[in-house]
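What follows is the content of final-v5.pdb, which has PDB, C-alpha atoms, pLDDT in the B column:
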ATOM      1  CA  MET A 239     -24.302 -68.271  57.714  1.00 47.00           C
ATOM      2  CA  ASN A 240     -24.492 -68.892  54.041  1.00 52.00           C
ATOM      3  CA  GLN A 241     -27.525 -66.752  53.808  1.00 56.00           C
ATOM      4  CA  MET A 242     -25.820 -63.793  55.344  1.00 56.00           C
ATOM      5  CA  VAL A 243     -23.060 -63.952  52.871  1.00 51.00           C
ATOM      6  CA  GLU A 244     -25.569 -64.008  50.017  1.00 56.00           C
ATOM      7  CA  ILE A 245     -27.377 -61.006  51.361  1.00 66.00           C
ATOM      8  CA  SER A 246     -24.149 -59.178  51.718  1.00 80.00           C
ATOM      9  CA  LEU A 247     -23.115 -60.009  48.179  1.00 82.00           C
ATOM     10  CA  VAL A 248     -26.509 -58.924  46.863  1.00 83.00           C
ATOM     11  CA  ASP A 249     -26.220 -55.685  48.789  1.00 86.00           C
ATOM     12  CA  ILE A 250     -22.763 -55.143  47.417  1.00 86.00           C
ATOM     13  CA  LEU A 251     -23.922 -55.857  43.878  1.00 88.00           C
ATOM     14  CA  ASN A 252     -26.868 -53.482  44.353  1.00 90.00           C
ATOM     15  CA  LYS A 253     -24.516 -50.774  45.597  1.00 91.00           C
ATOM     16  CA  ILE A 254     -22.200 -51.375  42.642  1.00 93.00           C
ATOM     17  CA  GLU A 255     -25.167 -51.184  40.294  1.00 94.00           C
ATOM     18  CA  ASN A 256     -26.270 -47.909  41.904  1.00 95.00           C
ATOM     19  CA  LYS A 257     -22.777 -46.523  41.515  1.00 95.00           C
ATOM     20  CA  ILE A 258     -22.693 -47.625  37.897  1.00 95.00           C
ATOM     21  CA  ASP A 259     -26.043 -45.903  37.344  1.00 94.00           C
ATOM     22  CA  LYS A 260     -24.727 -42.728  38.959  1.00 95.00           C
ATOM     23  CA  LEU A 261     -21.594 -42.938  36.798  1.00 95.00           C
ATOM     24  CA  ASP A 262     -23.785 -43.374  33.716  1.00 93.00           C
ATOM     25  CA  GLN A 263     -25.767 -40.299  34.697  1.00 95.00           C
ATOM     26  CA  LYS A 264     -22.574 -38.319  35.228  1.00 94.00           C
ATOM     27  CA  ILE A 265     -21.259 -39.523  31.878  1.00 94.00           C
ATOM     28  CA  GLU A 266     -24.510 -38.421  30.200  1.00 94.00           C
ATOM     29  CA  ARG A 267     -24.255 -34.982  31.829  1.00 94.00           C
ATOM     30  CA  LEU A 268     -20.618 -34.714  30.757  1.00 94.00           C
ATOM     31  CA  ASP A 269     -21.593 -35.763  27.234  1.00 93.00           C
ATOM     32  CA  ASP A 270     -24.265 -33.054  27.211  1.00 93.00           C
ATOM     33  CA  LYS A 271     -21.734 -30.478  28.445  1.00 95.00           C
ATOM     34  CA  ILE A 272     -19.202 -31.585  25.861  1.00 95.00           C
ATOM     35  CA  ILE A 273     -21.827 -31.344  23.120  1.00 95.00           C
ATOM     36  CA  SER A 274     -22.851 -27.875  24.356  1.00 94.00           C
ATOM     37  CA  MET A 275     -19.229 -26.732  24.514  1.00 95.00           C
ATOM     38  CA  GLU A 276     -18.554 -28.164  21.067  1.00 95.00           C
ATOM     39  CA  GLU A 277     -21.557 -26.283  19.664  1.00 95.00           C
ATOM     40  CA  ARG A 278     -20.386 -23.033  21.258  1.00 95.00           C
ATOM     41  CA  PHE A 279     -16.870 -23.657  19.979  1.00 96.00           C
ATOM     42  CA  ASN A 280     -18.167 -24.295  16.464  1.00 95.00           C
ATOM     43  CA  GLN A 281     -20.331 -21.148  16.617  1.00 96.00           C
ATOM     44  CA  LYS A 282     -17.392 -19.072  17.804  1.00 96.00           C
ATOM     45  CA  LEU A 283     -15.153 -20.592  15.151  1.00 96.00           C
ATOM     46  CA  ALA A 284     -17.761 -19.884  12.455  1.00 96.00           C
ATOM     47  CA  SER A 285     -18.096 -16.297  13.698  1.00 96.00           C
ATOM     48  CA  LEU A 286     -14.334 -15.792  13.622  1.00 96.00           C
ATOM     49  CA  GLU A 287     -14.127 -17.371  10.175  1.00 96.00           C
ATOM     50  CA  GLU A 288     -16.865 -15.032   8.928  1.00 96.00           C
ATOM     51  CA  LYS A 289     -15.033 -11.994  10.338  1.00 96.00           C
ATOM     52  CA  LEU A 290     -11.773 -13.173   8.816  1.00 96.00           C
ATOM     53  CA  ASN A 291     -13.406 -13.705   5.426  1.00 96.00           C
ATOM     54  CA  SER A 292     -14.974 -10.253   5.652  1.00 96.00           C
ATOM     55  CA  ARG A 293     -11.611  -8.671   6.419  1.00 96.00           C
ATOM     56  CA  ILE A 294      -9.925 -10.612   3.631  1.00 96.00           C
ATOM     57  CA  THR A 295     -12.605  -9.409   1.218  1.00 96.00           C
ATOM     58  CA  SER A 296     -12.082  -5.824   2.393  1.00 95.00           C
ATOM     59  CA  LEU A 297      -8.320  -6.143   1.998  1.00 95.00           C
ATOM     60  CA  GLU A 298      -8.698  -7.637  -1.471  1.00 95.00           C
ATOM     61  CA  LYS A 299     -10.918  -4.687  -2.421  1.00 95.00           C
ATOM     62  CA  ILE A 300      -8.367  -2.223  -1.055  1.00 95.00           C
ATOM     63  CA  VAL A 301      -5.544  -3.981  -2.911  1.00 95.00           C
ATOM     64  CA  THR A 302      -7.549  -3.878  -6.142  1.00 94.00           C
ATOM     65  CA  GLU A 303      -8.361  -0.184  -5.685  1.00 94.00           C
ATOM     66  CA  THR A 304      -4.717   0.528  -4.874  1.00 94.00           C
ATOM     67  CA  ARG A 305      -3.587  -1.263  -8.022  1.00 93.00           C
ATOM     68  CA  VAL A 306      -6.024   0.799 -10.077  1.00 93.00           C
ATOM     69  CA  ASP A 307      -4.759   3.993  -8.402  1.00 93.00           C
ATOM     70  CA  VAL A 308      -1.154   2.976  -9.051  1.00 94.00           C
ATOM     71  CA  GLU A 309      -1.964   2.344 -12.716  1.00 93.00           C
ATOM     72  CA  LYS A 310      -3.639   5.766 -12.948  1.00 94.00           C
ATOM     73  CA  LEU A 311      -0.618   7.403 -11.304  1.00 94.00           C
ATOM     74  CA  LYS A 312       1.681   5.553 -13.667  1.00 94.00           C
ATOM     75  CA  ALA A 313      -0.284   6.808 -16.682  1.00 93.00           C
ATOM     76  CA  GLN A 314      -0.287  10.363 -15.301  1.00 94.00           C
ATOM     77  CA  ASN A 315       3.444  10.137 -14.649  1.00 94.00           C
ATOM     78  CA  GLU A 316       4.046   9.040 -18.241  1.00 93.00           C
ATOM     79  CA  GLN A 317       2.015  12.016 -19.503  1.00 94.00           C
ATOM     80  CA  ILE A 318       3.968  14.385 -17.264  1.00 93.00           C
ATOM     81  CA  VAL A 319       7.266  12.937 -18.485  1.00 93.00           C
ATOM     82  CA  LYS A 320       6.133  13.415 -22.099  1.00 91.00           C
ATOM     83  CA  ARG A 321       5.152  17.007 -21.359  1.00 91.00           C
ATOM     84  CA  LEU A 322       8.475  17.656 -19.664  1.00 89.00           C
ATOM     85  CA  ASP A 323      10.325  16.156 -22.625  1.00 89.00           C
ATOM     86  CA  SER A 324       8.308  18.393 -24.950  1.00 89.00           C
ATOM     87  CA  HIS A 325       9.127  21.441 -22.799  1.00 86.00           C
ATOM     88  CA  ASP A 326      12.791  20.452 -22.711  1.00 87.00           C
ATOM     89  CA  LYS A 327      12.832  20.345 -26.511  1.00 87.00           C
ATOM     90  CA  ARG A 328      11.162  23.756 -26.665  1.00 87.00           C
ATOM     91  CA  PHE A 329      13.624  25.179 -24.148  1.00 85.00           C
ATOM     92  CA  ASP A 330      16.521  23.735 -26.139  1.00 87.00           C
ATOM     93  CA  GLU A 331      15.135  25.346 -29.279  1.00 82.00           C
ATOM     94  CA  ILE A 332      14.555  28.654 -27.479  1.00 88.00           C
ATOM     95  CA  ASN A 333      18.022  28.485 -25.937  1.00 87.00           C
ATOM     96  CA  SER A 334      19.547  27.843 -29.351  1.00 89.00           C
ATOM     97  CA  ARG A 335      17.684  30.821 -30.838  1.00 88.00           C
ATOM     98  CA  LEU A 336      18.645  32.982 -27.869  1.00 87.00           C
ATOM     99  CA  ASN A 337      22.293  32.016 -28.281  1.00 89.00           C
ATOM    100  CA  THR A 338      22.127  32.872 -31.969  1.00 89.00           C
ATOM    101  CA  LEU A 339      20.456  36.222 -31.240  1.00 89.00           C
ATOM    102  CA  THR A 340      22.955  36.975 -28.486  1.00 90.00           C
ATOM    103  CA  ILE A 341      25.899  36.215 -30.746  1.00 91.00           C
ATOM    104  CA  GLY A 342      24.376  38.353 -33.520  1.00 89.00           C
ATOM    105  CA  PHE A 343      23.643  41.201 -31.107  1.00 89.00           C
ATOM    106  CA  LEU A 344      27.115  41.090 -29.635  1.00 91.00           C
ATOM    107  CA  SER A 345      28.606  41.045 -33.154  1.00 91.00           C
ATOM    108  CA  ILE A 346      26.622  44.161 -34.085  1.00 92.00           C
ATOM    109  CA  VAL A 347      27.623  45.841 -30.808  1.00 91.00           C
ATOM    110  CA  GLY A 348      31.243  44.902 -31.521  1.00 90.00           C
ATOM    111  CA  VAL A 349      31.098  46.441 -34.997  1.00 91.00           C
ATOM    112  CA  LEU A 350      29.441  49.593 -33.650  1.00 91.00           C
ATOM    113  CA  VAL A 351      31.959  49.948 -30.826  1.00 91.00           C
ATOM    114  CA  THR A 352      34.802  49.404 -33.267  1.00 92.00           C
ATOM    115  CA  GLY A 353      33.319  52.027 -35.611  1.00 89.00           C
ATOM    116  CA  LEU A 354      32.814  54.508 -32.778  1.00 90.00           C
ATOM    117  CA  LEU A 355      36.329  53.955 -31.529  1.00 89.00           C
ATOM    118  CA  GLY A 356      37.610  54.506 -35.071  1.00 87.00           C
ATOM    119  CA  ILE A 357      35.720  57.794 -35.306  1.00 86.00           C
ATOM    120  CA  ILE A 358      36.913  58.893 -31.839  1.00 86.00           C
ATOM    121  CA  VAL A 359      40.499  58.063 -32.752  1.00 85.00           C
ATOM    122  CA  LYS A 360      40.254  60.073 -36.009  1.00 83.00           C
ATOM    123  CA  ILE A 361      38.727  63.030 -34.201  1.00 83.00           C
ATOM    124  CA  ALA A 362      41.236  62.885 -31.394  1.00 80.00           C
ATOM    125  CA  LEU A 363      44.318  62.256 -33.513  1.00 80.00           C
ATOM    126  CA  PHE A 364      43.429  64.112 -36.667  1.00 76.00           C
ATOM    127  CA  PRO A 365      41.493  67.224 -35.810  1.00 70.00           C
ATOM    128  CA  ASN A 366      40.128  69.237 -38.755  1.00 68.00           C
ATOM    129  CA  PRO A 367      41.998  72.495 -39.405  1.00 62.00           C
ATOM    130  CA  VAL A 368      39.795  75.426 -39.313  1.00 59.00           C
TER     131      VAL A 368
END
Can the structure in the file be given as structure tokens, please?
Amino acid sequence: MNQMVEISLVDILNKIENKIDKLDQKIERLDDKIISMEERFNQKLASLEEKLNSRITSLEKIVTETRVDVEKLKAQNEQIVKRLDSHDKRFDEINSRLNTLTIGFLSIVGVLVTGLLGIIVKIALFPNPV
């Protein structure tokens, strides 16, 4: 009976060893899958990082171009403001001259009207005897 027990124990140990071998094989396959998945993950991550860097570079370029455009617009705006100031000064000068001419013209018209009225009054009130 002792021998039977030994054979049974040996069989059990052999079965356990077989199961351990199968587990080792499964672990190796899982390791291979994990390594494959990790490689794909790293490739995908690198691809996404490359796209992100490309977009960041594009955005930086756009921002730089926009800053240059804003500076150009600012310079143009300053030139326009200077021109408008120059035109305002000219208009003020022209307006001043026009006011002076208008006052002078109206003064002359006033003197002429007064003179004409004086003549009309003399003719109407003091007719010449014939």
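Between atom CA of A:Leu355 and atom CA of A:Thr338 the separation is 25.4 Å.
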From atom CA of A:Ala313 to atom CA of A:Glu331 the spacing works out at 27.2 Å
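Here atom CA of A:Arg267 stands at a distance of 25.4 Å from atom CA of A:Ala284.
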Would you output stretch 255-326 of chain A from that structure, restricted to C-alpha atoms, as an mmCIF file, in the first residue's frame?
data_model
loop_
_atom_site.group_PDB
_atom_site.id
_atom_site.type_symbol
_atom_site.label_atom_id
_atom_site.label_comp_id
_atom_site.auth_asym_id
_atom_site.auth_seq_id
_atom_site.Cartn_x
_atom_site.Cartn_y
_atom_site.Cartn_z
ATOM 1 C CA GLU A 255 4.359 20.381 -12.718
ATOM 2 C CA ASN A 256 2.373 20.195 -15.967
ATOM 3 C CA LYS A 257 0.004 22.846 -14.690
ATOM 4 C CA ILE A 258 2.921 25.026 -13.665
ATOM 5 C CA ASP A 259 4.403 24.596 -17.145
ATOM 6 C CA LYS A 260 1.083 25.545 -18.724
ATOM 7 C CA LEU A 261 0.861 28.572 -16.417
ATOM 8 C CA ASP A 262 4.401 29.554 -17.413
ATOM 9 C CA GLN A 263 3.436 29.304 -21.067
ATOM 10 C CA LYS A 264 0.337 31.411 -20.470
ATOM 11 C CA ILE A 265 2.419 33.950 -18.567
ATOM 12 C CA GLU A 266 4.896 34.104 -21.473
ATOM 13 C CA ARG A 267 2.047 34.646 -23.950
ATOM 14 C CA LEU A 268 0.578 37.344 -21.712
ATOM 15 C CA ASP A 269 4.009 38.960 -21.429
ATOM 16 C CA ASP A 270 4.288 38.936 -25.224
ATOM 17 C CA LYS A 271 0.812 40.481 -25.538
ATOM 18 C CA ILE A 272 1.636 43.102 -22.936
ATOM 19 C CA ILE A 273 4.878 43.938 -24.740
ATOM 20 C CA SER A 274 3.011 44.157 -28.069
ATOM 21 C CA MET A 275 0.309 46.355 -26.545
ATOM 22 C CA GLU A 276 2.928 48.544 -24.890
ATOM 23 C CA GLU A 277 4.714 48.983 -28.227
ATOM 24 C CA ARG A 278 1.456 49.913 -29.958
ATOM 25 C CA PHE A 279 0.611 52.284 -27.120
ATOM 26 C CA ASN A 280 4.029 53.929 -27.360
ATOM 27 C CA GLN A 281 3.695 54.231 -31.155
ATOM 28 C CA LYS A 282 0.251 55.776 -30.823
ATOM 29 C CA LEU A 283 1.481 58.110 -28.101
ATOM 30 C CA ALA A 284 4.465 59.141 -30.246
ATOM 31 C CA SER A 285 2.146 59.747 -33.210
ATOM 32 C CA LEU A 286 -0.180 61.886 -31.106
ATOM 33 C CA GLU A 287 2.773 63.778 -29.648
ATOM 34 C CA GLU A 288 4.090 64.447 -33.161
ATOM 35 C CA LYS A 289 0.679 65.736 -34.289
ATOM 36 C CA LEU A 290 0.402 67.901 -31.196
ATOM 37 C CA ASN A 291 3.878 69.338 -31.740
ATOM 38 C CA SER A 292 3.013 70.022 -35.375
ATOM 39 C CA ARG A 293 -0.158 71.853 -34.375
ATOM 40 C CA ILE A 294 1.674 73.816 -31.697
ATOM 41 C CA THR A 295 4.278 74.836 -34.273
ATOM 42 C CA SER A 296 1.517 75.913 -36.666
ATOM 43 C CA LEU A 297 -0.210 77.899 -33.930
ATOM 44 C CA GLU A 298 3.051 79.559 -32.922
ATOM 45 C CA LYS A 299 3.589 80.551 -36.563
ATOM 46 C CA ILE A 300 0.065 81.957 -36.785
ATOM 47 C CA VAL A 301 0.532 83.880 -33.531
ATOM 48 C CA THR A 302 3.816 85.317 -34.804
ATOM 49 C CA GLU A 303 2.252 86.316 -38.131
ATOM 50 C CA THR A 304 -0.705 87.842 -36.295
ATOM 51 C CA ARG A 305 1.619 89.868 -34.082
ATOM 52 C CA VAL A 306 3.442 91.148 -37.156
ATOM 53 C CA ASP A 307 0.101 92.038 -38.786
ATOM 54 C CA VAL A 308 -1.040 93.806 -35.620
ATOM 55 C CA GLU A 309 2.199 95.803 -35.536
ATOM 56 C CA LYS A 310 1.720 96.757 -39.201
ATOM 57 C CA LEU A 311 -1.876 97.801 -38.503
ATOM 58 C CA LYS A 312 -0.724 99.796 -35.505
ATOM 59 C CA ALA A 313 1.857 101.634 -37.625
ATOM 60 C CA GLN A 314 -0.730 102.287 -40.349
ATOM 61 C CA ASN A 315 -3.193 103.533 -37.746
ATOM 62 C CA GLU A 316 -0.590 105.951 -36.385
ATOM 63 C CA GLN A 317 0.038 107.277 -39.909
ATOM 64 C CA ILE A 318 -3.693 107.703 -40.488
ATOM 65 C CA VAL A 319 -4.070 109.538 -37.179
ATOM 66 C CA LYS A 320 -1.197 111.860 -38.142
ATOM 67 C CA ARG A 321 -2.810 112.521 -41.515
ATOM 68 C CA LEU A 322 -6.153 113.212 -39.878
ATOM 69 C CA ASP A 323 -4.502 115.590 -37.416
ATOM 70 C CA SER A 324 -2.817 117.357 -40.335
ATOM 71 C CA HIS A 325 -6.158 117.610 -42.167
ATOM 72 C CA ASP A 326 -7.845 118.879 -39.012
#
